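**Q** See structure10.txt below, with compact mmCIF, N, CA and C atoms.
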```
# COMPACT_ATOMS: atom_id res chain seq x y z
N MET C 629 16.47 149.57 137.88
CA MET C 629 17.00 148.92 139.06
C MET C 629 17.32 149.98 140.10
N THR C 630 16.95 149.75 141.35
CA THR C 630 17.23 150.72 142.40
C THR C 630 18.50 150.35 143.12
N ASP C 631 19.13 151.34 143.67
CA ASP C 631 20.38 151.14 144.40
C ASP C 631 20.06 150.61 145.80
N PRO C 632 20.57 149.43 146.17
CA PRO C 632 20.24 148.87 147.48
C PRO C 632 20.78 149.71 148.64
N LEU C 633 21.77 150.52 148.37
CA LEU C 633 22.33 151.36 149.43
C LEU C 633 21.55 152.66 149.60
N GLY C 634 20.69 152.99 148.66
CA GLY C 634 19.92 154.22 148.74
C GLY C 634 20.77 155.42 148.36
N PRO C 635 20.17 156.61 148.48
CA PRO C 635 20.91 157.82 148.11
C PRO C 635 22.08 158.06 149.07
N LEU C 636 23.11 158.63 148.53
CA LEU C 636 24.30 158.91 149.32
C LEU C 636 24.30 160.36 149.76
N HIS C 637 24.50 160.61 151.02
CA HIS C 637 24.57 161.96 151.56
C HIS C 637 25.89 162.09 152.30
N LEU C 638 26.73 163.01 151.85
CA LEU C 638 28.03 163.22 152.47
C LEU C 638 28.00 164.43 153.38
N SER C 639 28.78 164.38 154.43
CA SER C 639 28.92 165.52 155.32
C SER C 639 30.27 165.42 156.01
N GLY C 640 31.07 166.47 155.88
CA GLY C 640 32.35 166.44 156.57
C GLY C 640 33.32 167.49 156.06
N GLU C 641 34.35 167.69 156.85
CA GLU C 641 35.43 168.61 156.54
C GLU C 641 36.74 167.88 156.84
N LEU C 642 37.71 168.04 155.96
CA LEU C 642 39.00 167.41 156.14
C LEU C 642 40.07 168.36 155.64
N SER C 643 41.08 168.59 156.47
CA SER C 643 42.24 169.37 156.05
C SER C 643 43.46 168.47 156.16
N LEU C 644 44.28 168.47 155.11
CA LEU C 644 45.48 167.66 155.14
C LEU C 644 46.59 168.35 154.38
N ASP C 645 47.76 167.79 154.51
CA ASP C 645 48.94 168.30 153.86
C ASP C 645 49.49 167.19 152.97
N VAL C 646 49.63 167.48 151.67
CA VAL C 646 50.16 166.51 150.73
C VAL C 646 51.51 167.02 150.26
N ASP C 647 52.59 166.50 150.85
CA ASP C 647 53.95 166.94 150.53
C ASP C 647 54.08 168.46 150.54
N GLY C 648 53.60 169.08 151.60
CA GLY C 648 53.73 170.51 151.75
C GLY C 648 52.62 171.33 151.10
N VAL C 649 51.68 170.69 150.46
CA VAL C 649 50.57 171.39 149.82
C VAL C 649 49.32 171.24 150.69
N GLY C 650 48.78 172.35 151.14
CA GLY C 650 47.57 172.32 151.93
C GLY C 650 46.37 171.96 151.07
N VAL C 651 45.54 171.05 151.57
CA VAL C 651 44.35 170.60 150.84
C VAL C 651 43.19 170.56 151.83
N GLN C 652 42.06 171.13 151.42
CA GLN C 652 40.85 171.08 152.23
C GLN C 652 39.78 170.36 151.41
N VAL C 653 39.07 169.44 152.06
CA VAL C 653 37.96 168.72 151.43
C VAL C 653 36.70 169.06 152.22
N HIS C 654 35.71 169.57 151.50
CA HIS C 654 34.42 169.94 152.09
C HIS C 654 33.35 169.10 151.42
N ALA C 655 32.55 168.40 152.21
CA ALA C 655 31.49 167.56 151.64
C ALA C 655 30.17 167.90 152.31
N GLU C 656 29.16 168.12 151.47
CA GLU C 656 27.82 168.39 151.98
C GLU C 656 26.81 167.87 150.97
N GLY C 657 25.99 166.95 151.41
CA GLY C 657 24.99 166.36 150.51
C GLY C 657 25.68 165.56 149.42
N THR C 658 25.49 165.97 148.18
CA THR C 658 26.10 165.27 147.05
C THR C 658 27.24 166.08 146.44
N GLN C 659 27.63 167.16 147.10
CA GLN C 659 28.68 168.05 146.59
C GLN C 659 29.96 167.89 147.40
N VAL C 660 31.07 167.72 146.69
CA VAL C 660 32.38 167.62 147.34
C VAL C 660 33.29 168.67 146.70
N ARG C 661 33.92 169.49 147.53
CA ARG C 661 34.87 170.49 147.04
C ARG C 661 36.25 170.13 147.57
N ILE C 662 37.22 170.03 146.66
CA ILE C 662 38.62 169.82 147.03
C ILE C 662 39.35 171.09 146.65
N VAL C 663 39.90 171.78 147.64
CA VAL C 663 40.61 173.03 147.41
C VAL C 663 42.08 172.80 147.78
N ALA C 664 42.96 172.91 146.78
CA ALA C 664 44.40 172.71 146.99
C ALA C 664 45.12 174.05 146.85
N ASP C 665 46.00 174.34 147.80
CA ASP C 665 46.76 175.59 147.74
C ASP C 665 47.58 175.68 146.46
N ASP C 666 48.13 174.56 146.02
CA ASP C 666 48.91 174.48 144.78
C ASP C 666 48.39 173.27 144.01
N VAL C 667 47.44 173.49 143.13
CA VAL C 667 46.76 172.39 142.45
C VAL C 667 47.75 171.55 141.63
N GLY C 668 48.67 172.20 140.93
CA GLY C 668 49.63 171.46 140.10
C GLY C 668 50.45 170.47 140.90
N THR C 669 51.01 170.92 142.03
CA THR C 669 51.80 170.03 142.88
C THR C 669 50.93 168.95 143.49
N PHE C 670 49.76 169.32 143.94
CA PHE C 670 48.84 168.35 144.53
C PHE C 670 48.51 167.24 143.53
N VAL C 671 48.16 167.61 142.31
CA VAL C 671 47.79 166.63 141.29
C VAL C 671 48.99 165.74 140.96
N THR C 672 50.16 166.34 140.86
CA THR C 672 51.36 165.55 140.59
C THR C 672 51.59 164.51 141.68
N ARG C 673 51.44 164.89 142.95
CA ARG C 673 51.66 163.96 144.05
C ARG C 673 50.60 162.85 144.07
N VAL C 674 49.35 163.20 143.82
CA VAL C 674 48.29 162.19 143.79
C VAL C 674 48.53 161.23 142.63
N ARG C 675 48.92 161.78 141.49
CA ARG C 675 49.22 160.93 140.32
C ARG C 675 50.38 159.98 140.62
N GLU C 676 51.42 160.49 141.28
CA GLU C 676 52.56 159.64 141.65
C GLU C 676 52.13 158.53 142.60
N ALA C 677 51.27 158.85 143.56
CA ALA C 677 50.79 157.84 144.50
C ALA C 677 49.97 156.77 143.78
N ALA C 678 49.11 157.20 142.86
CA ALA C 678 48.31 156.23 142.10
C ALA C 678 49.19 155.34 141.24
N THR C 679 50.24 155.92 140.66
CA THR C 679 51.16 155.15 139.83
C THR C 679 51.93 154.14 140.68
N ALA C 680 52.38 154.58 141.87
CA ALA C 680 53.11 153.68 142.76
C ALA C 680 52.23 152.52 143.21
N ARG C 681 50.95 152.79 143.42
CA ARG C 681 50.04 151.75 143.89
C ARG C 681 49.77 150.70 142.83
N SER C 682 49.54 151.15 141.60
CA SER C 682 49.14 150.20 140.55
C SER C 682 50.28 149.83 139.61
N GLY C 683 51.34 150.64 139.60
CA GLY C 683 52.43 150.40 138.68
C GLY C 683 52.21 151.01 137.30
N VAL C 684 51.04 151.61 137.11
CA VAL C 684 50.69 152.22 135.83
C VAL C 684 50.15 153.63 136.09
N ALA C 685 50.63 154.60 135.34
CA ALA C 685 50.14 155.96 135.50
C ALA C 685 48.67 156.04 135.06
N PRO C 686 47.83 156.70 135.88
CA PRO C 686 46.43 156.82 135.49
C PRO C 686 46.29 157.68 134.23
N GLY C 687 45.30 157.35 133.43
CA GLY C 687 45.09 158.08 132.17
C GLY C 687 43.65 158.44 131.97
N ARG C 688 43.31 158.71 130.71
CA ARG C 688 41.96 159.15 130.36
C ARG C 688 40.90 158.12 130.74
N ARG C 689 41.18 156.87 130.52
CA ARG C 689 40.20 155.82 130.85
C ARG C 689 39.90 155.80 132.35
N ASP C 690 40.94 155.97 133.16
CA ASP C 690 40.76 156.00 134.62
C ASP C 690 39.94 157.21 135.04
N LEU C 691 40.23 158.34 134.43
CA LEU C 691 39.48 159.56 134.75
C LEU C 691 38.01 159.38 134.37
N GLY C 692 37.76 158.82 133.22
CA GLY C 692 36.38 158.56 132.80
C GLY C 692 35.67 157.61 133.74
N GLY C 693 36.37 156.56 134.16
CA GLY C 693 35.78 155.59 135.09
C GLY C 693 35.45 156.22 136.43
N LEU C 694 36.34 157.08 136.91
CA LEU C 694 36.09 157.76 138.18
C LEU C 694 34.90 158.70 138.05
N ALA C 695 34.85 159.45 136.97
CA ALA C 695 33.73 160.37 136.75
C ALA C 695 32.41 159.60 136.66
N GLU C 696 32.42 158.44 135.99
CA GLU C 696 31.22 157.61 135.89
C GLU C 696 30.80 157.09 137.26
N ALA C 697 31.77 156.68 138.08
CA ALA C 697 31.45 156.18 139.41
C ALA C 697 30.84 157.28 140.27
N LEU C 698 31.39 158.47 140.19
CA LEU C 698 30.83 159.60 140.94
C LEU C 698 29.40 159.88 140.48
N ALA C 699 29.21 159.95 139.17
CA ALA C 699 27.89 160.23 138.61
C ALA C 699 26.88 159.15 139.01
N ALA C 700 27.29 157.90 139.01
CA ALA C 700 26.39 156.80 139.36
C ALA C 700 25.89 156.91 140.79
N ARG C 701 26.70 157.49 141.66
CA ARG C 701 26.30 157.68 143.07
C ARG C 701 25.68 159.05 143.31
N GLY C 702 25.56 159.85 142.22
CA GLY C 702 24.94 161.17 142.34
C GLY C 702 25.85 162.23 142.94
N ILE C 703 27.16 161.98 142.92
CA ILE C 703 28.13 162.90 143.54
C ILE C 703 28.75 163.80 142.47
N THR C 704 28.90 165.07 142.82
CA THR C 704 29.61 166.02 141.98
C THR C 704 30.84 166.49 142.75
N ALA C 705 32.01 166.33 142.15
CA ALA C 705 33.28 166.73 142.80
C ALA C 705 33.85 167.95 142.09
N HIS C 706 34.25 168.93 142.88
CA HIS C 706 34.83 170.18 142.36
C HIS C 706 36.28 170.25 142.82
N LEU C 707 37.20 170.42 141.89
CA LEU C 707 38.61 170.64 142.22
C LEU C 707 38.88 172.11 141.99
N GLU C 708 39.43 172.78 143.01
CA GLU C 708 39.65 174.22 142.94
C GLU C 708 41.00 174.60 143.51
N SER C 709 41.50 175.74 143.03
CA SER C 709 42.60 176.42 143.71
C SER C 709 41.93 177.42 144.64
N PRO C 710 42.67 178.11 145.49
CA PRO C 710 42.04 179.11 146.35
C PRO C 710 41.37 180.25 145.56
N THR C 711 41.73 180.43 144.30
CA THR C 711 41.22 181.57 143.54
C THR C 711 40.30 181.22 142.38
N ARG C 712 40.28 179.95 141.93
CA ARG C 712 39.45 179.63 140.76
C ARG C 712 39.15 178.14 140.67
N PRO C 713 38.05 177.81 139.98
CA PRO C 713 37.75 176.40 139.74
C PRO C 713 38.71 175.81 138.71
N VAL C 714 39.05 174.55 138.88
CA VAL C 714 39.94 173.85 137.96
C VAL C 714 39.17 172.83 137.15
N ALA C 715 38.33 172.04 137.81
CA ALA C 715 37.55 171.02 137.11
C ALA C 715 36.38 170.59 137.98
N VAL C 716 35.33 170.11 137.31
CA VAL C 716 34.15 169.55 137.97
C VAL C 716 33.90 168.19 137.33
N ALA C 717 33.59 167.19 138.15
CA ALA C 717 33.38 165.84 137.63
C ALA C 717 32.20 165.18 138.31
N GLY C 718 31.51 164.32 137.56
CA GLY C 718 30.47 163.49 138.16
C GLY C 718 29.07 163.88 137.76
N ALA C 719 28.15 163.77 138.71
CA ALA C 719 26.73 163.97 138.47
C ALA C 719 26.43 165.37 137.96
N GLY C 720 25.58 165.45 136.95
CA GLY C 720 25.15 166.73 136.44
C GLY C 720 26.13 167.42 135.51
N VAL C 721 27.24 166.77 135.19
CA VAL C 721 28.24 167.37 134.32
C VAL C 721 28.08 166.80 132.91
N ASP C 722 28.04 167.68 131.94
CA ASP C 722 28.00 167.28 130.53
C ASP C 722 28.81 168.32 129.77
N SER C 723 30.06 168.01 129.49
CA SER C 723 30.98 168.98 128.93
C SER C 723 31.57 168.51 127.60
N ALA C 724 31.31 169.30 126.56
CA ALA C 724 31.92 168.99 125.27
C ALA C 724 33.44 169.13 125.36
N ALA C 725 33.91 170.14 126.10
CA ALA C 725 35.36 170.33 126.27
C ALA C 725 35.99 169.13 126.97
N GLY C 726 35.30 168.60 127.98
CA GLY C 726 35.79 167.40 128.66
C GLY C 726 35.86 166.22 127.72
N GLY C 727 34.84 166.08 126.88
CA GLY C 727 34.84 165.00 125.90
C GLY C 727 36.03 165.09 124.95
N LEU C 728 36.31 166.28 124.48
CA LEU C 728 37.42 166.48 123.54
C LEU C 728 38.78 166.34 124.20
N LEU C 729 38.95 166.99 125.35
CA LEU C 729 40.27 167.03 126.00
C LEU C 729 40.57 165.80 126.85
N LEU C 730 39.53 165.26 127.47
CA LEU C 730 39.75 164.21 128.47
C LEU C 730 39.11 162.87 128.14
N GLY C 731 38.33 162.83 127.07
CA GLY C 731 37.70 161.57 126.69
C GLY C 731 36.45 161.25 127.48
N THR C 732 35.95 162.18 128.28
CA THR C 732 34.70 161.98 129.01
C THR C 732 33.96 163.30 129.13
N ARG C 733 32.68 163.27 128.87
CA ARG C 733 31.85 164.47 129.01
C ARG C 733 31.48 164.70 130.47
N LEU C 734 31.81 163.74 131.34
CA LEU C 734 31.47 163.85 132.76
C LEU C 734 32.49 164.66 133.56
N VAL C 735 33.47 165.24 132.88
CA VAL C 735 34.43 166.15 133.52
C VAL C 735 34.43 167.45 132.75
N ARG C 736 34.20 168.54 133.46
CA ARG C 736 34.23 169.86 132.83
C ARG C 736 35.47 170.60 133.34
N PRO C 737 36.47 170.76 132.46
CA PRO C 737 37.66 171.51 132.88
C PRO C 737 37.35 173.00 132.95
N GLY C 738 37.96 173.69 133.92
CA GLY C 738 37.83 175.13 134.01
C GLY C 738 38.66 175.78 132.92
N ALA C 739 38.47 177.08 132.73
CA ALA C 739 39.19 177.81 131.67
C ALA C 739 40.70 177.67 131.83
N ALA C 740 41.20 177.76 133.06
CA ALA C 740 42.65 177.65 133.29
C ALA C 740 43.15 176.27 132.89
N ALA C 741 42.36 175.23 133.15
CA ALA C 741 42.76 173.87 132.81
C ALA C 741 42.81 173.69 131.30
N VAL C 742 41.89 174.33 130.58
CA VAL C 742 41.90 174.24 129.12
C VAL C 742 43.16 174.89 128.56
N VAL C 743 43.57 176.01 129.14
CA VAL C 743 44.80 176.68 128.72
C VAL C 743 46.00 175.79 128.96
N VAL C 744 46.03 175.14 130.12
CA VAL C 744 47.12 174.21 130.43
C VAL C 744 47.14 173.08 129.41
N ALA C 745 45.97 172.54 129.10
CA ALA C 745 45.89 171.43 128.16
C ALA C 745 46.41 171.84 126.79
N ALA C 746 46.05 173.03 126.37
CA ALA C 746 46.50 173.50 125.06
C ALA C 746 48.00 173.77 125.05
N GLY C 747 48.51 174.28 126.16
CA GLY C 747 49.92 174.66 126.19
C GLY C 747 50.86 173.56 126.61
N ARG C 748 50.42 172.60 127.43
CA ARG C 748 51.34 171.63 127.99
C ARG C 748 50.93 170.19 127.78
N GLY C 749 49.83 169.94 127.11
CA GLY C 749 49.46 168.56 126.79
C GLY C 749 48.34 168.02 127.63
N ARG C 750 47.64 167.07 127.06
CA ARG C 750 46.48 166.46 127.72
C ARG C 750 46.86 165.67 128.96
N ARG C 751 48.04 165.11 128.96
CA ARG C 751 48.44 164.25 130.08
C ARG C 751 48.39 164.99 131.41
N LEU C 752 48.87 166.23 131.43
CA LEU C 752 48.84 167.01 132.66
C LEU C 752 47.40 167.30 133.08
N LEU C 753 46.57 167.66 132.13
CA LEU C 753 45.18 167.96 132.47
C LEU C 753 44.47 166.70 132.96
N ALA C 754 44.74 165.57 132.37
CA ALA C 754 44.12 164.32 132.82
C ALA C 754 44.49 164.04 134.27
N ALA C 755 45.67 164.45 134.68
CA ALA C 755 46.10 164.24 136.06
C ALA C 755 45.23 164.99 137.05
N VAL C 756 44.62 166.09 136.62
CA VAL C 756 43.74 166.84 137.50
C VAL C 756 42.63 165.95 138.02
N GLY C 757 42.11 165.11 137.17
CA GLY C 757 41.03 164.23 137.57
C GLY C 757 41.44 163.22 138.62
N VAL C 758 42.70 162.91 138.68
CA VAL C 758 43.17 161.94 139.67
C VAL C 758 42.92 162.45 141.08
N ALA C 759 42.90 163.75 141.24
CA ALA C 759 42.62 164.31 142.55
C ALA C 759 41.27 163.85 143.08
N ALA C 760 40.36 163.59 142.18
CA ALA C 760 39.05 163.11 142.60
C ALA C 760 39.12 161.73 143.22
N VAL C 761 40.25 161.04 143.07
CA VAL C 761 40.43 159.75 143.73
C VAL C 761 40.26 159.93 145.24
N LEU C 762 40.69 161.07 145.75
CA LEU C 762 40.49 161.34 147.17
C LEU C 762 39.02 161.28 147.54
N VAL C 763 38.20 161.80 146.67
CA VAL C 763 36.75 161.76 146.92
C VAL C 763 36.29 160.33 147.00
N ALA C 764 36.73 159.50 146.08
CA ALA C 764 36.32 158.10 146.07
C ALA C 764 36.75 157.41 147.36
N VAL C 765 37.95 157.69 147.83
CA VAL C 765 38.44 157.12 149.07
C VAL C 765 37.59 157.56 150.25
N LEU C 766 37.26 158.84 150.29
CA LEU C 766 36.42 159.35 151.37
C LEU C 766 35.05 158.71 151.34
N VAL C 767 34.48 158.55 150.16
CA VAL C 767 33.15 157.95 150.04
C VAL C 767 33.18 156.51 150.53
N ARG C 768 34.19 155.77 150.15
CA ARG C 768 34.29 154.37 150.57
C ARG C 768 34.48 154.25 152.07
N ARG C 769 35.25 155.15 152.67
CA ARG C 769 35.47 155.09 154.13
C ARG C 769 34.22 155.44 154.90
N ARG C 770 33.35 156.26 154.32
CA ARG C 770 32.13 156.66 155.01
C ARG C 770 31.11 155.53 155.06
N ARG C 771 31.26 154.54 154.20
CA ARG C 771 30.27 153.43 154.18
C ARG C 771 30.48 152.50 155.31
```
Could you write out this structure as C-alpha cells?
**A**
Amino acid sequence: MTDPLGPLHLSGELSLDVDGVGVQVHAEGTQVRIVADDVGTFVTRVREAATARSGVAPGRRDLGGLAEALAARGITAHLESPTRPVAVAGAGVDSAAGGLLLGTRLVRPGAAAVVVAAGRGRRLLAAVGVAAVLVAVLVRRRR
C-alpha cells in the first residue's frame, strides 16, 4: 500500500526555551535534530507536559509508538546535548540496546543514556524519548 501523502520532506529551524532550557530543532529532509542545553531538565519538562495533558505519565509503550510513527513516515529523530548524542529514534534504527532498555529496537540510546539507565532506572531513560514528541508536533503542524 502506498502512502497517499507521499514522501515527507522536512525543512526548518526552531529555537525555543523550555523552562529556562535552550532547545534548538533542526529539520532537513527526513532528519530531525533536537539539541537541548540541558537534556535532563528538558526531558523532565516535556514528560511533565505530556503527563498533564493525558493524566498518565508516558512510558515504554508510548515511546515505542512514537518511534514506530516516525519510522512509518521515514523520519529519523536525534536527541542531543551540545556535546554528545543521547538517543536516535525512527527510520533506519535497529538497536538491541533499545529493545532491552526501552522495549523498542527503533530507539538507539547513546552511551551516556545507557549509563543513566543502568544507574538511575529505565523510567528516566524512557523519558528521553518523550522529547521526540516535539518532532511529532512539528510534523503535524507542517501538514
**Q** Which residue gives the smallest distance to Glu708 (chain C) among C:Asp665, C:Asp690, C:Asp722, C:Glu676, with only N, CA and C atoms counted?
**A**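 Distance minimum relative to Glu708 (chain C) lands on C:Asp665.
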**Q** What does the distance from CA of Thr732 (chain C) to CA of Leu636 (chain C) come to in Å, to one decimal?
**A**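 About the pair CA of Thr732 (chain C) and CA of Leu636 (chain C): they are 23.0 Å apart.
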**Q** How many Å separate CA of Glu641 (chain C) from CA of Pro710 (chain C)?
**A**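 That distance, rounded to one decimal, is 16.1 Å.
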**Q** Which residues, written as a list in words, have at least one atom at most 10 Å from Arg733 (chain C), with only C-alpha atoms counted and residues fewer than 4 positions away on the same chain left out?
**A** Gly692, Ala695, Glu696, Ala717, Gly718, Val721, Asp722, Ser723, Ala724, Ala725, Gly726, Gly727, Leu728, Leu729 and Pro737 of chain C
**Q** Write the residues of the selection above to a file with N, CA and C atoms, as a PDB file, in the frame of the given file.
**A**
```pdb
ATOM      1  N   GLY C 692      37.760 158.820 133.220  1.00  0.00           N
ATOM      2  CA  GLY C 692      36.380 158.560 132.800  1.00  0.00           C
ATOM      3  C   GLY C 692      35.670 157.610 133.740  1.00  0.00           C
ATOM      4  N   ALA C 695      34.850 159.450 136.970  1.00  0.00           N
ATOM      5  CA  ALA C 695      33.730 160.370 136.750  1.00  0.00           C
ATOM      6  C   ALA C 695      32.410 159.600 136.660  1.00  0.00           C
ATOM      7  N   GLU C 696      32.420 158.440 135.990  1.00  0.00           N
ATOM      8  CA  GLU C 696      31.220 157.610 135.890  1.00  0.00           C
ATOM      9  C   GLU C 696      30.800 157.090 137.260  1.00  0.00           C
ATOM     10  N   ALA C 717      33.590 167.190 138.150  1.00  0.00           N
ATOM     11  CA  ALA C 717      33.380 165.840 137.630  1.00  0.00           C
ATOM     12  C   ALA C 717      32.200 165.180 138.310  1.00  0.00           C
ATOM     13  N   GLY C 718      31.510 164.320 137.560  1.00  0.00           N
ATOM     14  CA  GLY C 718      30.470 163.490 138.160  1.00  0.00           C
ATOM     15  C   GLY C 718      29.070 163.880 137.760  1.00  0.00           C
ATOM     16  N   VAL C 721      27.240 166.770 135.190  1.00  0.00           N
ATOM     17  CA  VAL C 721      28.240 167.370 134.320  1.00  0.00           C
ATOM     18  C   VAL C 721      28.080 166.800 132.910  1.00  0.00           C
ATOM     19  N   ASP C 722      28.040 167.680 131.940  1.00  0.00           N
ATOM     20  CA  ASP C 722      28.000 167.280 130.530  1.00  0.00           C
ATOM     21  C   ASP C 722      28.810 168.320 129.770  1.00  0.00           C
ATOM     22  N   SER C 723      30.060 168.010 129.490  1.00  0.00           N
ATOM     23  CA  SER C 723      30.980 168.980 128.930  1.00  0.00           C
ATOM     24  C   SER C 723      31.570 168.510 127.600  1.00  0.00           C
ATOM     25  N   ALA C 724      31.310 169.300 126.560  1.00  0.00           N
ATOM     26  CA  ALA C 724      31.920 168.990 125.270  1.00  0.00           C
ATOM     27  C   ALA C 724      33.440 169.130 125.360  1.00  0.00           C
ATOM     28  N   ALA C 725      33.910 170.140 126.100  1.00  0.00           N
ATOM     29  CA  ALA C 725      35.360 170.330 126.270  1.00  0.00           C
ATOM     30  C   ALA C 725      35.990 169.130 126.970  1.00  0.00           C
ATOM     31  N   GLY C 726      35.300 168.600 127.980  1.00  0.00           N
ATOM     32  CA  GLY C 726      35.790 167.400 128.660  1.00  0.00           C
ATOM     33  C   GLY C 726      35.860 166.220 127.720  1.00  0.00           C
ATOM     34  N   GLY C 727      34.840 166.080 126.880  1.00  0.00           N
ATOM     35  CA  GLY C 727      34.840 165.000 125.900  1.00  0.00           C
ATOM     36  C   GLY C 727      36.030 165.090 124.950  1.00  0.00           C
ATOM     37  N   LEU C 728      36.310 166.280 124.480  1.00  0.00           N
ATOM     38  CA  LEU C 728      37.420 166.480 123.540  1.00  0.00           C
ATOM     39  C   LEU C 728      38.780 166.340 124.200  1.00  0.00           C
ATOM     40  N   LEU C 729      38.950 166.990 125.350  1.00  0.00           N
ATOM     41  CA  LEU C 729      40.270 167.030 126.000  1.00  0.00           C
ATOM     42  C   LEU C 729      40.570 165.800 126.850  1.00  0.00           C
ATOM     43  N   PRO C 737      36.470 170.760 132.460  1.00  0.00           N
ATOM     44  CA  PRO C 737      37.660 171.510 132.880  1.00  0.00           C
ATOM     45  C   PRO C 737      37.350 173.000 132.950  1.00  0.00           C
TER      46      PRO C 737
END
```
**Q** Could you please determine the separation between CA of Gly640 (chain C) and CA of Glu656 (chain C) in Å, to one decimal place?
**A**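 Those two atoms sit 6.7 Å apart.
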